[in-house]
>>> print(open('run.txt').read())   # compact mmCIF, C-alpha atoms
# COMPACT_ATOMS: atom_id res chain seq x y z
CA MET A 7 64.42 44.91 147.65
CA THR A 8 62.29 42.06 146.33
CA GLU A 9 59.44 43.16 148.59
CA LEU A 10 59.72 46.74 147.32
CA LEU A 11 59.63 45.90 143.62
CA PRO A 12 55.81 45.68 143.27
CA TYR A 13 55.41 49.13 144.88
CA VAL A 14 58.16 50.62 142.71
CA ALA A 15 56.50 49.14 139.62
CA ALA A 16 53.13 50.57 140.71
CA LEU A 17 54.65 54.03 141.21
CA LEU A 18 56.29 53.91 137.77
CA ALA A 19 52.99 52.86 136.21
CA ALA A 20 51.12 55.68 137.98
CA GLY A 21 53.70 58.22 136.82
CA ALA A 22 53.51 56.94 133.25
CA PHE A 23 49.71 57.11 133.23
CA ALA A 24 49.71 60.61 134.73
CA GLY A 25 52.21 61.82 132.14
CA ILE A 26 50.16 60.49 129.24
CA LEU A 27 47.01 62.12 130.62
CA ALA A 28 48.82 65.43 131.08
CA GLY A 29 49.98 65.41 127.48
CA LEU A 30 46.72 64.04 126.09
CA LEU A 31 44.13 66.13 127.94
CA GLY A 32 46.10 68.98 129.50
CA VAL A 33 44.59 68.27 132.94
CA GLY A 34 47.82 67.55 134.80
CA GLY A 35 48.62 64.32 136.57
CA GLY A 36 48.01 65.29 140.19
CA ILE A 37 44.35 64.34 140.14
CA VAL A 38 45.46 60.78 139.30
CA LEU A 39 48.69 60.70 141.33
CA VAL A 40 47.14 61.53 144.71
CA PRO A 41 44.75 58.54 144.83
CA ALA A 42 47.46 56.34 143.31
CA PHE A 43 49.98 57.38 145.97
CA ALA A 44 47.36 56.82 148.68
CA ALA A 45 46.57 53.31 147.44
CA ILE A 46 50.24 52.32 147.01
CA LEU A 47 51.36 53.66 150.40
CA THR A 48 48.40 52.02 152.13
CA ALA A 49 49.28 48.69 150.52
CA ALA A 50 52.89 49.18 151.67
CA GLY A 51 51.74 49.62 155.27
CA TYR A 52 51.76 53.43 155.56
CA GLY A 53 48.01 53.98 155.62
CA ALA A 54 47.94 55.60 159.05
CA GLY A 55 49.22 58.98 160.20
CA ASP A 56 49.37 61.88 157.74
CA LEU A 57 49.02 59.76 154.61
CA MET A 58 47.08 62.29 152.54
CA GLN A 59 49.40 65.11 153.56
CA VAL A 60 52.34 63.16 152.11
CA CYS A 61 50.38 62.29 148.95
CA LEU A 62 49.32 65.89 148.31
CA ALA A 63 52.76 67.37 149.04
CA THR A 64 54.60 64.82 146.89
CA SER A 65 52.14 65.25 144.03
CA LEU A 66 52.65 69.01 144.10
CA SER A 67 56.43 68.54 143.97
CA THR A 68 56.04 66.66 140.68
CA ILE A 69 53.61 69.33 139.42
CA PHE A 70 56.25 72.02 139.87
CA VAL A 71 58.70 70.27 137.53
CA THR A 72 56.14 69.35 134.88
CA SER A 73 54.54 72.82 134.96
CA ILE A 74 57.86 74.60 134.44
CA ARG A 75 58.65 72.30 131.52
CA SER A 76 55.19 72.86 130.05
CA VAL A 77 55.10 76.65 130.39
CA LEU A 78 58.54 76.97 128.77
CA ALA A 79 57.38 74.85 125.84
CA HIS A 80 54.21 76.94 125.45
CA ASN A 81 56.22 80.16 125.75
CA ARG A 82 58.37 79.16 122.77
CA LYS A 83 55.14 79.21 120.75
CA GLY A 84 54.13 82.59 122.20
CA ALA A 85 51.00 81.18 123.82
CA VAL A 86 51.53 82.21 127.47
CA ASP A 87 49.63 85.31 128.59
CA TRP A 88 52.25 86.70 130.96
CA ASP A 89 50.13 89.70 131.95
CA ILE A 90 47.43 87.40 133.33
CA LEU A 91 50.00 85.15 134.99
CA ARG A 92 51.73 88.07 136.74
CA ALA A 93 48.44 89.62 137.87
CA TRP A 94 47.03 86.37 139.24
CA ALA A 95 50.22 84.92 140.76
CA PRO A 96 50.11 86.72 144.17
CA TRP A 97 46.52 85.62 144.83
CA ILE A 98 47.17 82.06 143.69
CA MET A 99 50.22 81.87 145.97
CA LEU A 100 48.22 83.22 148.90
CA GLY A 101 45.52 80.61 148.32
CA ALA A 102 48.18 77.89 148.09
CA ILE A 103 49.70 78.89 151.45
CA VAL A 104 46.25 78.81 153.05
CA GLY A 105 45.83 75.37 151.50
CA VAL A 106 49.04 74.11 153.14
CA TRP A 107 47.84 75.47 156.48
CA LEU A 108 44.52 73.64 156.10
CA VAL A 109 46.14 70.37 155.01
CA SER A 110 48.47 70.42 158.02
CA ARG A 111 45.48 70.70 160.36
CA LEU A 112 43.09 68.19 158.81
CA SER A 113 43.13 64.43 159.30
CA THR A 114 43.70 61.96 156.50
CA GLN A 115 40.02 60.96 156.58
CA GLN A 116 38.91 64.59 156.32
CA LEU A 117 41.31 65.21 153.43
CA LYS A 118 40.05 62.11 151.64
CA ALA A 119 36.49 63.39 151.96
CA ILE A 120 37.44 66.85 150.67
CA PHE A 121 39.43 65.32 147.80
CA GLY A 122 36.49 63.10 146.85
CA VAL A 123 33.99 65.96 146.81
CA LEU A 124 36.26 68.28 144.82
CA VAL A 125 37.08 65.58 142.26
CA LEU A 126 33.36 64.93 141.79
CA CYS A 127 32.88 68.67 141.13
CA VAL A 128 35.71 68.74 138.56
CA ALA A 129 34.40 65.61 136.85
CA SER A 130 30.84 66.94 136.73
CA PHE A 131 31.99 70.17 135.11
CA MET A 132 34.00 68.23 132.53
CA LEU A 133 30.90 66.19 131.67
CA ILE A 134 28.46 69.05 131.21
CA SER A 135 30.63 71.98 130.09
CA ARG A 136 30.57 73.35 126.54
CA ALA A 137 33.26 75.23 124.63
CA ASP A 138 30.98 78.23 124.00
CA TRP A 139 30.13 78.88 127.68
CA ARG A 140 31.11 82.38 128.83
CA LEU A 141 30.84 84.33 132.07
CA ALA A 142 32.55 87.41 130.64
CA ASP A 143 34.64 88.52 127.68
CA THR A 144 37.71 89.42 129.76
CA PRO A 145 39.35 88.00 132.90
CA PRO A 146 38.11 89.58 136.15
CA GLU A 147 40.01 92.24 138.05
CA GLY A 148 40.05 93.59 141.60
CA ALA A 149 38.22 91.62 144.26
CA ARG A 150 36.91 88.99 141.82
CA ARG A 151 40.42 88.29 140.58
CA ALA A 152 41.66 87.95 144.17
CA ALA A 153 38.81 85.60 145.07
CA LEU A 154 39.14 83.39 142.00
CA GLY A 155 42.95 83.35 142.14
CA GLY A 156 42.91 82.44 145.82
CA THR A 157 40.40 79.68 145.10
CA VAL A 158 42.61 78.25 142.33
CA GLY A 159 45.57 78.13 144.73
CA LEU A 160 43.58 76.72 147.66
CA VAL A 161 41.82 73.99 145.68
CA GLY A 162 45.04 73.18 143.83
CA VAL A 163 46.73 72.30 147.13
CA LEU A 164 43.72 70.41 148.51
CA LEU A 165 43.71 68.27 145.36
CA GLY A 166 47.48 68.15 144.89
CA ILE A 167 47.10 69.39 141.30
CA GLY A 168 48.46 72.11 139.03
CA GLY A 169 46.56 74.78 137.18
CA GLY A 170 45.02 72.88 134.27
CA SER A 171 41.91 71.39 135.87
CA LEU A 172 40.85 74.76 137.32
CA GLY A 173 42.70 77.40 135.34
CA VAL A 174 41.69 76.26 131.85
CA PRO A 175 37.90 76.39 132.41
CA MET A 176 38.21 79.56 134.46
CA LEU A 177 40.11 81.37 131.68
CA THR A 178 37.97 80.05 128.83
CA LEU A 179 34.83 81.08 130.70
CA HIS A 180 36.33 84.60 130.69
CA GLY A 181 36.99 84.84 126.98
CA ARG A 182 40.51 83.46 126.62
CA PRO A 183 41.12 81.17 123.61
CA MET A 184 41.69 77.54 124.56
CA HIS A 185 45.35 77.38 123.50
CA ARG A 186 46.21 80.48 125.55
CA ALA A 187 44.19 79.22 128.51
CA VAL A 188 46.09 75.90 128.49
CA ALA A 189 49.45 77.64 128.18
CA THR A 190 48.77 80.21 130.89
CA SER A 191 47.31 77.60 133.24
CA ALA A 192 50.57 75.68 133.00
CA GLY A 193 52.11 78.71 134.68
CA PHE A 194 49.39 78.60 137.33
CA GLY A 195 50.60 75.11 138.20
CA ALA A 196 54.12 76.31 138.95
CA VAL A 197 52.75 79.25 140.98
CA ILE A 198 50.64 76.85 143.08
CA ALA A 199 53.42 74.30 143.55
CA LEU A 200 56.40 76.54 144.41
CA PRO A 201 55.20 78.08 147.70
CA SER A 202 53.24 75.01 148.76
CA VAL A 203 56.12 72.56 148.26
CA LEU A 204 58.57 74.89 150.04
CA ALA A 205 56.12 75.09 152.95
CA PHE A 206 55.48 71.33 152.99
CA LEU A 207 59.22 70.70 153.32
CA PHE A 208 58.95 72.15 156.82
CA VAL A 209 55.63 70.53 157.77
CA PRO A 210 56.32 67.13 159.39
CA ALA A 211 54.07 64.19 158.55
CA ALA A 212 53.36 61.48 161.12
CA GLY A 213 53.89 57.92 159.91
CA ALA A 214 55.59 59.01 156.69
CA PRO A 215 57.56 56.44 154.66
CA PRO A 216 61.38 56.58 154.53
CA GLY A 217 62.90 59.34 152.44
CA THR A 218 60.30 61.93 153.43
CA VAL A 219 61.50 65.49 154.04
CA GLY A 220 58.76 67.34 155.89
CA SER A 221 55.80 65.98 153.94
CA VAL A 222 57.50 65.45 150.55
CA ASN A 223 58.66 61.91 149.82
CA LEU A 224 61.79 62.20 147.68
CA PRO A 225 61.98 58.61 146.33
CA ILE A 226 58.34 58.75 145.19
CA PHE A 227 58.98 62.18 143.64
CA ALA A 228 62.02 60.89 141.71
CA LEU A 229 60.30 57.76 140.40
CA THR A 230 57.16 59.64 139.38
CA ILE A 231 58.81 62.59 137.71
CA ALA A 232 61.07 60.31 135.68
CA MET A 233 58.01 58.64 134.15
CA THR A 234 55.83 61.75 133.69
CA LEU A 235 58.60 63.56 131.80
CA LEU A 236 59.07 60.46 129.64
CA THR A 237 55.42 59.85 128.77
CA ALA A 238 53.96 63.37 128.57
CA PRO A 239 55.27 63.86 125.00
CA ILE A 240 53.64 60.54 124.06
CA GLY A 241 50.30 61.85 125.30
CA ALA A 242 50.80 65.09 123.42
CA ASN A 243 51.44 63.19 120.18
CA LEU A 244 48.37 61.01 120.74
CA ALA A 245 46.24 64.13 121.26
CA HIS A 246 46.67 65.15 117.62
CA GLY A 247 44.98 62.01 116.35
CA THR A 248 42.13 61.64 118.83
CA ASP A 249 38.81 63.26 119.66
CA ALA A 250 39.80 65.36 122.68
CA ARG A 251 36.20 66.14 123.62
CA ARG A 252 35.24 62.47 123.76
CA LEU A 253 38.38 61.63 125.73
CA ARG A 254 37.58 64.33 128.29
CA ARG A 255 34.13 62.81 128.77
CA ILE A 256 35.64 59.35 129.30
CA PHE A 257 38.19 60.77 131.72
CA ALA A 258 35.41 62.60 133.58
CA VAL A 259 33.59 59.29 134.12
CA PHE A 260 36.86 57.83 135.39
CA LEU A 261 37.20 60.76 137.79
CA LEU A 262 33.67 60.21 139.07
CA ALA A 263 34.71 56.68 140.01
CA VAL A 264 37.90 57.99 141.65
CA GLY A 265 35.99 60.61 143.65
CA LEU A 266 33.32 58.17 144.80
CA ASN A 267 35.96 55.63 145.82
CA MET A 268 37.85 58.24 147.85
CA LEU A 269 34.62 59.26 149.58
CA ARG A 270 33.94 55.60 150.36
CA LYS A 271 37.37 55.27 151.96
CA ALA A 272 36.83 58.48 153.94
CA LEU A 273 33.63 57.07 155.46
CA LEU A 274 35.13 53.70 156.43
>>> encode(input="run.txt", output="structure tokens")
Amino acid sequence: MTELLPYVAALLAAGAFAGILAGLLGVGGGIVLVPAFAAILTAAGYGAGDLMQVCLATSLSTIFVTSIRSVLAHNRKGAVDWDILRAWAPWIMLGAIVGVWLVSRLSTQQLKAIFGVLVLCVASFMLISRADWRLADTPPEGARRAALGGTVGLVGVLLGIGGGSLGVPMLTLHGRPMHRAVATSAGFGAVIALPSVLAFLFVPAAGAPPGTVGSVNLPIFALTIAMTLLTAPIGANLAHGTDARRLRRIFAVFLLAVGLNMLRKALL
């Protein structure tokens, strides 16, 4: 137990940090949890095998709980656009299932490289985007909806994240007010996580740490979710007294460092 304490403390710290970021910036914690899980498990001696598969699957399991909690809170304020959520859900789920299939067939090094590139893309958009940018006045329908919804689900699984990092900019670029985009994207997170986590429970991971069912590590899930649920309200309270735009820029620079570091590890 003494040997495990530093890793438990690191997991609790990662969960606390992810919860504060989720409440403060509305970006979800997965984009922080995945590299944190990878670093902690590698330090604990589980760096080989399907490391990234376990990190992504376990991150998504925490996203499901936090997304449900978030969307229910937003719904009490009448901010969730259920028509958009219902229309997009099938395509997001389909993209998520394709994402699980891809993750199960890619190596840890390949997944690290993909994660690094995608995080750099997210961070770059956060740095340069403006609130008044628009692609259209209404969300897309038909084939464009299917393509964008599938992309949200696919990228969500490849990054181990919920709907905030992708859904919020996608909806605001199509004319949705920010508060409704944030609320509806919380629902996207649950839609991404539900089918992917159920699938990952039946996808075995080589070299997984103890307590792993399929690719989802239950002890890591329990420790992380306990902290994210505890600290997310703290982040939400902090958000009311801070410059959110400036914080997003700082977080984007942090993500650039995270993405570059993951790419470095993928090339080693």
>>> residues_around(input="run.txt", residues="A:Gly101", least_positions_apart="3", cutoff="7 Å", atoms="only C-alpha atoms", output="ChimeraX atom specification")
/A:97-98,104-105,156-157,159-160
>>> residues_around(input="run.txt", residues="A:Val60", least_positions_apart="6", cutoff="12 Å", atoms="only C-alpha atoms", output="PDB file with C-alpha atoms, keeping the file's coordinate frame")
ATOM      1  CA  LEU A  39      48.690  60.700 141.330  1.00  0.00           C
ATOM      2  CA  VAL A  40      47.140  61.530 144.710  1.00  0.00           C
ATOM      3  CA  PRO A  41      44.750  58.540 144.830  1.00  0.00           C
ATOM      4  CA  PHE A  43      49.980  57.380 145.970  1.00  0.00           C
ATOM      5  CA  ALA A  44      47.360  56.820 148.680  1.00  0.00           C
ATOM      6  CA  LEU A  47      51.360  53.660 150.400  1.00  0.00           C
ATOM      7  CA  THR A  48      48.400  52.020 152.130  1.00  0.00           C
ATOM      8  CA  TYR A  52      51.760  53.430 155.560  1.00  0.00           C
ATOM      9  CA  GLY A  53      48.010  53.980 155.620  1.00  0.00           C
ATOM     10  CA  ALA A  54      47.940  55.600 159.050  1.00  0.00           C
ATOM     11  CA  LEU A  66      52.650  69.010 144.100  1.00  0.00           C
ATOM     12  CA  SER A  67      56.430  68.540 143.970  1.00  0.00           C
ATOM     13  CA  VAL A 106      49.040  74.110 153.140  1.00  0.00           C
ATOM     14  CA  VAL A 109      46.140  70.370 155.010  1.00  0.00           C
ATOM     15  CA  SER A 110      48.470  70.420 158.020  1.00  0.00           C
ATOM     16  CA  SER A 113      43.130  64.430 159.300  1.00  0.00           C
ATOM     17  CA  THR A 114      43.700  61.960 156.500  1.00  0.00           C
ATOM     18  CA  LEU A 117      41.310  65.210 153.430  1.00  0.00           C
ATOM     19  CA  VAL A 163      46.730  72.300 147.130  1.00  0.00           C
ATOM     20  CA  LEU A 164      43.720  70.410 148.510  1.00  0.00           C
ATOM     21  CA  GLY A 166      47.480  68.150 144.890  1.00  0.00           C
ATOM     22  CA  VAL A 203      56.120  72.560 148.260  1.00  0.00           C
ATOM     23  CA  PHE A 206      55.480  71.330 152.990  1.00  0.00           C
ATOM     24  CA  LEU A 207      59.220  70.700 153.320  1.00  0.00           C
ATOM     25  CA  VAL A 209      55.630  70.530 157.770  1.00  0.00           C
ATOM     26  CA  PRO A 210      56.320  67.130 159.390  1.00  0.00           C
ATOM     27  CA  ALA A 211      54.070  64.190 158.550  1.00  0.00           C
ATOM     28  CA  ALA A 212      53.360  61.480 161.120  1.00  0.00           C
ATOM     29  CA  GLY A 213      53.890  57.920 159.910  1.00  0.00           C
ATOM     30  CA  ALA A 214      55.590  59.010 156.690  1.00  0.00           C
ATOM     31  CA  PRO A 215      57.560  56.440 154.660  1.00  0.00           C
ATOM     32  CA  PRO A 216      61.380  56.580 154.530  1.00  0.00           C
ATOM     33  CA  GLY A 217      62.900  59.340 152.440  1.00  0.00           C
ATOM     34  CA  THR A 218      60.300  61.930 153.430  1.00  0.00           C
ATOM     35  CA  VAL A 219      61.500  65.490 154.040  1.00  0.00           C
ATOM     36  CA  GLY A 220      58.760  67.340 155.890  1.00  0.00           C
ATOM     37  CA  SER A 221      55.800  65.980 153.940  1.00  0.00           C
ATOM     38  CA  VAL A 222      57.500  65.450 150.550  1.00  0.00           C
ATOM     39  CA  ASN A 223      58.660  61.910 149.820  1.00  0.00           C
ATOM     40  CA  LEU A 224      61.790  62.200 147.680  1.00  0.00           C
ATOM     41  CA  ILE A 226      58.340  58.750 145.190  1.00  0.00           C
ATOM     42  CA  PHE A 227      58.980  62.180 143.640  1.00  0.00           C
TER      43      PHE A 227
END
>>> residues_around(input="run.txt", residues="A:Gly148", least_positions_apart="3", cutoff="12 Å", atoms="all atoms listed in the file", output="PyMOL selection string")
chain A and resi 93-94+97+145+151-155
>>> write_last_selection(input="run.txt", atoms="C-alpha atoms", output="CSV table (one decimal), in the coordinates of the input")
chain,number,residue,atom,x,y,z
A,93,ALA,CA,48.4,89.6,137.9
A,94,TRP,CA,47.0,86.4,139.2
A,97,TRP,CA,46.5,85.6,144.8
A,145,PRO,CA,39.4,88.0,132.9
A,151,ARG,CA,40.4,88.3,140.6
A,152,ALA,CA,41.7,88.0,144.2
A,153,ALA,CA,38.8,85.6,145.1
A,154,LEU,CA,39.1,83.4,142.0
A,155,GLY,CA,43.0,83.4,142.1
>>> atom_distance(input="run.txt", atom1="atom CA of A:Leu18", atom2="atom CA of A:Phe194")
25.6 Å
>>> closest_residue(input="run.txt", among="A:Ala95, A:Val38, A:Ala28, A:Ala45", to="A:Ala196", atoms="only C-alpha atoms")
A:Ala95
>>> closest_residue(input="run.txt", among="A:Ile74, A:Leu177, A:Leu244, A:Ile69", to="A:Thr230", atoms="all atoms listed in the file")
A:Ile69
>>> closest_residue(input="run.txt", among="A:Leu30, A:Ala189, A:Ala19, A:Val14", to="A:Arg251", atoms="only C-alpha atoms")
A:Leu30
>>> residues_near_point(input="run.txt", point="(47.9, 75.9, 133.3)", cutoff="9 Å", atoms="all atoms listed in the file", output="count of residues only")
23
>>> closest_residue(input="run.txt", among="A:Val161, A:Leu273, A:Leu266, A:Arg82", to="A:Val123", atoms="only C-alpha atoms")
A:Leu266
>>> atom_distance(input="run.txt", atom1="atom CA of A:Ala142", atom2="atom CA of A:Pro96")
22.2 Å
>>> closest_residue(input="run.txt", among="A:Gly181, A:Gln59, A:Asp249, A:Asp89", to="A:Trp107", atoms="all atoms listed in the file")
A:Gln59
>>> atom_distance(input="run.txt", atom1="atom CA of A:Ile256", atom2="atom CA of A:Ile240")
18.8 Å
>>> residues_around(input="run.txt", residues="A:Leu11", least_positions_apart="5", cutoff="12 Å", atoms="only C-alpha atoms", output="PyMOL selection string")
chain A and resi 16-18+46+50
>>> write_last_selection(input="run.txt", atoms="C-alpha atoms", output="tab-separated table (two decimals), keeping the file's coordinate frame")
chain	number	residue	atom	x	y	z
A	16	ALA	CA	53.13	50.57	140.71
A	17	LEU	CA	54.65	54.03	141.21
A	18	LEU	CA	56.29	53.91	137.77
A	46	ILE	CA	50.24	52.32	147.01
A	50	ALA	CA	52.89	49.18	151.67
>>> residues_around(input="run.txt", residues="A:Trp139", least_positions_apart="2", cutoff="9 Å", atoms="all atoms listed in the file", output="tab-separated table (two decimals) with C-alpha atoms, in the frame of the given file")
chain	number	residue	atom	x	y	z
A	135	SER	CA	30.63	71.98	130.09
A	136	ARG	CA	30.57	73.35	126.54
A	137	ALA	CA	33.26	75.23	124.63
A	141	LEU	CA	30.84	84.33	132.07
A	178	THR	CA	37.97	80.05	128.83
A	179	LEU	CA	34.83	81.08	130.70
A	180	HIS	CA	36.33	84.60	130.69
>>> residues_near_point(input="run.txt", point="(27.6, 58.4, 142.4)", cutoff="12 Å", atoms="all atoms listed in the file", output="MDAnalysis selection string")
chainID A and resid 122:123 125:127 129:130 259:270
>>> closest_residue(input="run.txt", among="A:Ile26, A:Leu10, A:Val86, A:Leu108", to="A:Ala238", atoms="all atoms listed in the file")
A:Ile26
>>> axis_aligned_box(input="run.txt", around="stretch 98-115 of chain A", padding_each_side="4 Å", output="JSON")
{"center_x": 45.1, "center_y": 72.1, "center_z": 152.0, "size_x": 18.2, "size_y": 30.3, "size_z": 24.7}
>>> decode(input="run.txt", residues="stretch 178-188 of chain A", atoms="all heavy atoms", output="PDB file, in the first residue's frame")
ATOM      1  N   THR A 178     -21.722  27.044 -31.660  1.00  0.00           N
ATOM      2  CA  THR A 178     -21.651  28.501 -31.737  1.00  0.00           C
ATOM      3  C   THR A 178     -21.333  28.976 -33.150  1.00  0.00           C
ATOM      4  O   THR A 178     -21.814  30.031 -33.572  1.00  0.00           O
ATOM      5  CB  THR A 178     -20.592  29.058 -30.756  1.00  0.00           C
ATOM      6  OG1 THR A 178     -19.325  28.432 -31.010  1.00  0.00           O
ATOM      7  CG2 THR A 178     -20.997  28.807 -29.316  1.00  0.00           C
ATOM      8  N   LEU A 179     -20.554  28.203 -33.885  1.00  0.00           N
ATOM      9  CA  LEU A 179     -20.277  28.551 -35.281  1.00  0.00           C
ATOM     10  C   LEU A 179     -21.526  28.451 -36.146  1.00  0.00           C
ATOM     11  O   LEU A 179     -21.573  28.998 -37.253  1.00  0.00           O
ATOM     12  CB  LEU A 179     -19.189  27.635 -35.857  1.00  0.00           C
ATOM     13  CG  LEU A 179     -17.757  27.901 -35.392  1.00  0.00           C
ATOM     14  CD1 LEU A 179     -16.832  26.792 -35.871  1.00  0.00           C
ATOM     15  CD2 LEU A 179     -17.263  29.254 -35.879  1.00  0.00           C
ATOM     16  N   HIS A 180     -22.551  27.742 -35.636  1.00  0.00           N
ATOM     17  CA  HIS A 180     -23.819  27.606 -36.368  1.00  0.00           C
ATOM     18  C   HIS A 180     -24.952  28.340 -35.655  1.00  0.00           C
ATOM     19  O   HIS A 180     -26.101  27.901 -35.675  1.00  0.00           O
ATOM     20  CB  HIS A 180     -24.170  26.130 -36.552  1.00  0.00           C
ATOM     21  CG  HIS A 180     -23.286  25.426 -37.539  1.00  0.00           C
ATOM     22  ND1 HIS A 180     -22.088  24.858 -37.196  1.00  0.00           N
ATOM     23  CD2 HIS A 180     -23.431  25.233 -38.881  1.00  0.00           C
ATOM     24  CE1 HIS A 180     -21.517  24.322 -38.267  1.00  0.00           C
ATOM     25  NE2 HIS A 180     -22.314  24.537 -39.304  1.00  0.00           N
ATOM     26  N   GLY A 181     -24.617  29.458 -35.016  1.00  0.00           N
ATOM     27  CA  GLY A 181     -25.639  30.380 -34.551  1.00  0.00           C
ATOM     28  C   GLY A 181     -26.268  30.120 -33.211  1.00  0.00           C
ATOM     29  O   GLY A 181     -27.191  30.840 -32.817  1.00  0.00           O
ATOM     30  N   ARG A 182     -25.803  29.098 -32.467  1.00  0.00           N
ATOM     31  CA  ARG A 182     -26.391  28.859 -31.148  1.00  0.00           C
ATOM     32  C   ARG A 182     -25.732  29.757 -30.109  1.00  0.00           C
ATOM     33  O   ARG A 182     -24.509  29.912 -30.106  1.00  0.00           O
ATOM     34  CB  ARG A 182     -26.196  27.395 -30.723  1.00  0.00           C
ATOM     35  CG  ARG A 182     -26.882  26.357 -31.605  1.00  0.00           C
ATOM     36  CD  ARG A 182     -28.374  26.522 -31.622  1.00  0.00           C
ATOM     37  NE  ARG A 182     -28.799  27.410 -32.714  1.00  0.00           N
ATOM     38  CZ  ARG A 182     -30.031  27.839 -32.900  1.00  0.00           C
ATOM     39  NH1 ARG A 182     -30.993  27.485 -32.074  1.00  0.00           N
ATOM     40  NH2 ARG A 182     -30.314  28.624 -33.916  1.00  0.00           N
ATOM     41  N   PRO A 183     -26.508  30.367 -29.213  1.00  0.00           N
ATOM     42  CA  PRO A 183     -25.925  31.181 -28.137  1.00  0.00           C
ATOM     43  C   PRO A 183     -24.989  30.331 -27.269  1.00  0.00           C
ATOM     44  O   PRO A 183     -25.201  29.123 -27.125  1.00  0.00           O
ATOM     45  CB  PRO A 183     -27.151  31.634 -27.337  1.00  0.00           C
ATOM     46  CG  PRO A 183     -28.309  31.483 -28.262  1.00  0.00           C
ATOM     47  CD  PRO A 183     -27.978  30.335 -29.165  1.00  0.00           C
ATOM     48  N   MET A 184     -23.984  30.961 -26.680  1.00  0.00           N
ATOM     49  CA  MET A 184     -22.971  30.230 -25.941  1.00  0.00           C
ATOM     50  C   MET A 184     -23.556  29.381 -24.818  1.00  0.00           C
ATOM     51  O   MET A 184     -23.188  28.214 -24.651  1.00  0.00           O
ATOM     52  CB  MET A 184     -21.935  31.216 -25.366  1.00  0.00           C
ATOM     53  CG  MET A 184     -20.866  30.556 -24.498  1.00  0.00           C
ATOM     54  SD  MET A 184     -19.883  29.286 -25.369  1.00  0.00           S
ATOM     55  CE  MET A 184     -18.850  30.349 -26.391  1.00  0.00           C
ATOM     56  N   HIS A 185     -24.492  29.934 -24.035  1.00  0.00           N
ATOM     57  CA  HIS A 185     -25.014  29.176 -22.896  1.00  0.00           C
ATOM     58  C   HIS A 185     -25.781  27.939 -23.350  1.00  0.00           C
ATOM     59  O   HIS A 185     -25.712  26.887 -22.701  1.00  0.00           O
ATOM     60  CB  HIS A 185     -25.892  30.068 -22.008  1.00  0.00           C
ATOM     61  CG  HIS A 185     -27.211  30.445 -22.603  1.00  0.00           C
ATOM     62  ND1 HIS A 185     -27.328  31.380 -23.607  1.00  0.00           N
ATOM     63  CD2 HIS A 185     -28.469  29.996 -22.346  1.00  0.00           C
ATOM     64  CE1 HIS A 185     -28.604  31.514 -23.931  1.00  0.00           C
ATOM     65  NE2 HIS A 185     -29.311  30.682 -23.199  1.00  0.00           N
ATOM     66  N   ARG A 186     -26.483  28.026 -24.491  1.00  0.00           N
ATOM     67  CA  ARG A 186     -27.194  26.851 -24.998  1.00  0.00           C
ATOM     68  C   ARG A 186     -26.224  25.858 -25.642  1.00  0.00           C
ATOM     69  O   ARG A 186     -26.434  24.646 -25.578  1.00  0.00           O
ATOM     70  CB  ARG A 186     -28.271  27.280 -26.001  1.00  0.00           C
ATOM     71  CG  ARG A 186     -29.386  28.092 -25.371  1.00  0.00           C
ATOM     72  CD  ARG A 186     -30.546  28.317 -26.317  1.00  0.00           C
ATOM     73  NE  ARG A 186     -31.316  27.110 -26.556  1.00  0.00           N
ATOM     74  CZ  ARG A 186     -32.285  26.674 -25.746  1.00  0.00           C
ATOM     75  NH1 ARG A 186     -32.571  27.318 -24.639  1.00  0.00           N
ATOM     76  NH2 ARG A 186     -32.963  25.580 -26.056  1.00  0.00           N
ATOM     77  N   ALA A 187     -25.159  26.375 -26.245  1.00  0.00           N
ATOM     78  CA  ALA A 187     -24.151  25.487 -26.828  1.00  0.00           C
ATOM     79  C   ALA A 187     -23.457  24.676 -25.747  1.00  0.00           C
ATOM     80  O   ALA A 187     -23.243  23.459 -25.898  1.00  0.00           O
ATOM     81  CB  ALA A 187     -23.135  26.305 -27.612  1.00  0.00           C
ATOM     82  N   VAL A 188     -23.108  25.325 -24.634  1.00  0.00           N
ATOM     83  CA  VAL A 188     -22.446  24.627 -23.523  1.00  0.00           C
ATOM     84  C   VAL A 188     -23.379  23.576 -22.938  1.00  0.00           C
ATOM     85  O   VAL A 188     -22.971  22.436 -22.680  1.00  0.00           O
ATOM     86  CB  VAL A 188     -22.011  25.635 -22.443  1.00  0.00           C
ATOM     87  CG1 VAL A 188     -21.557  24.911 -21.177  1.00  0.00           C
ATOM     88  CG2 VAL A 188     -20.893  26.530 -22.967  1.00  0.00           C
TER      89      VAL A 188
END
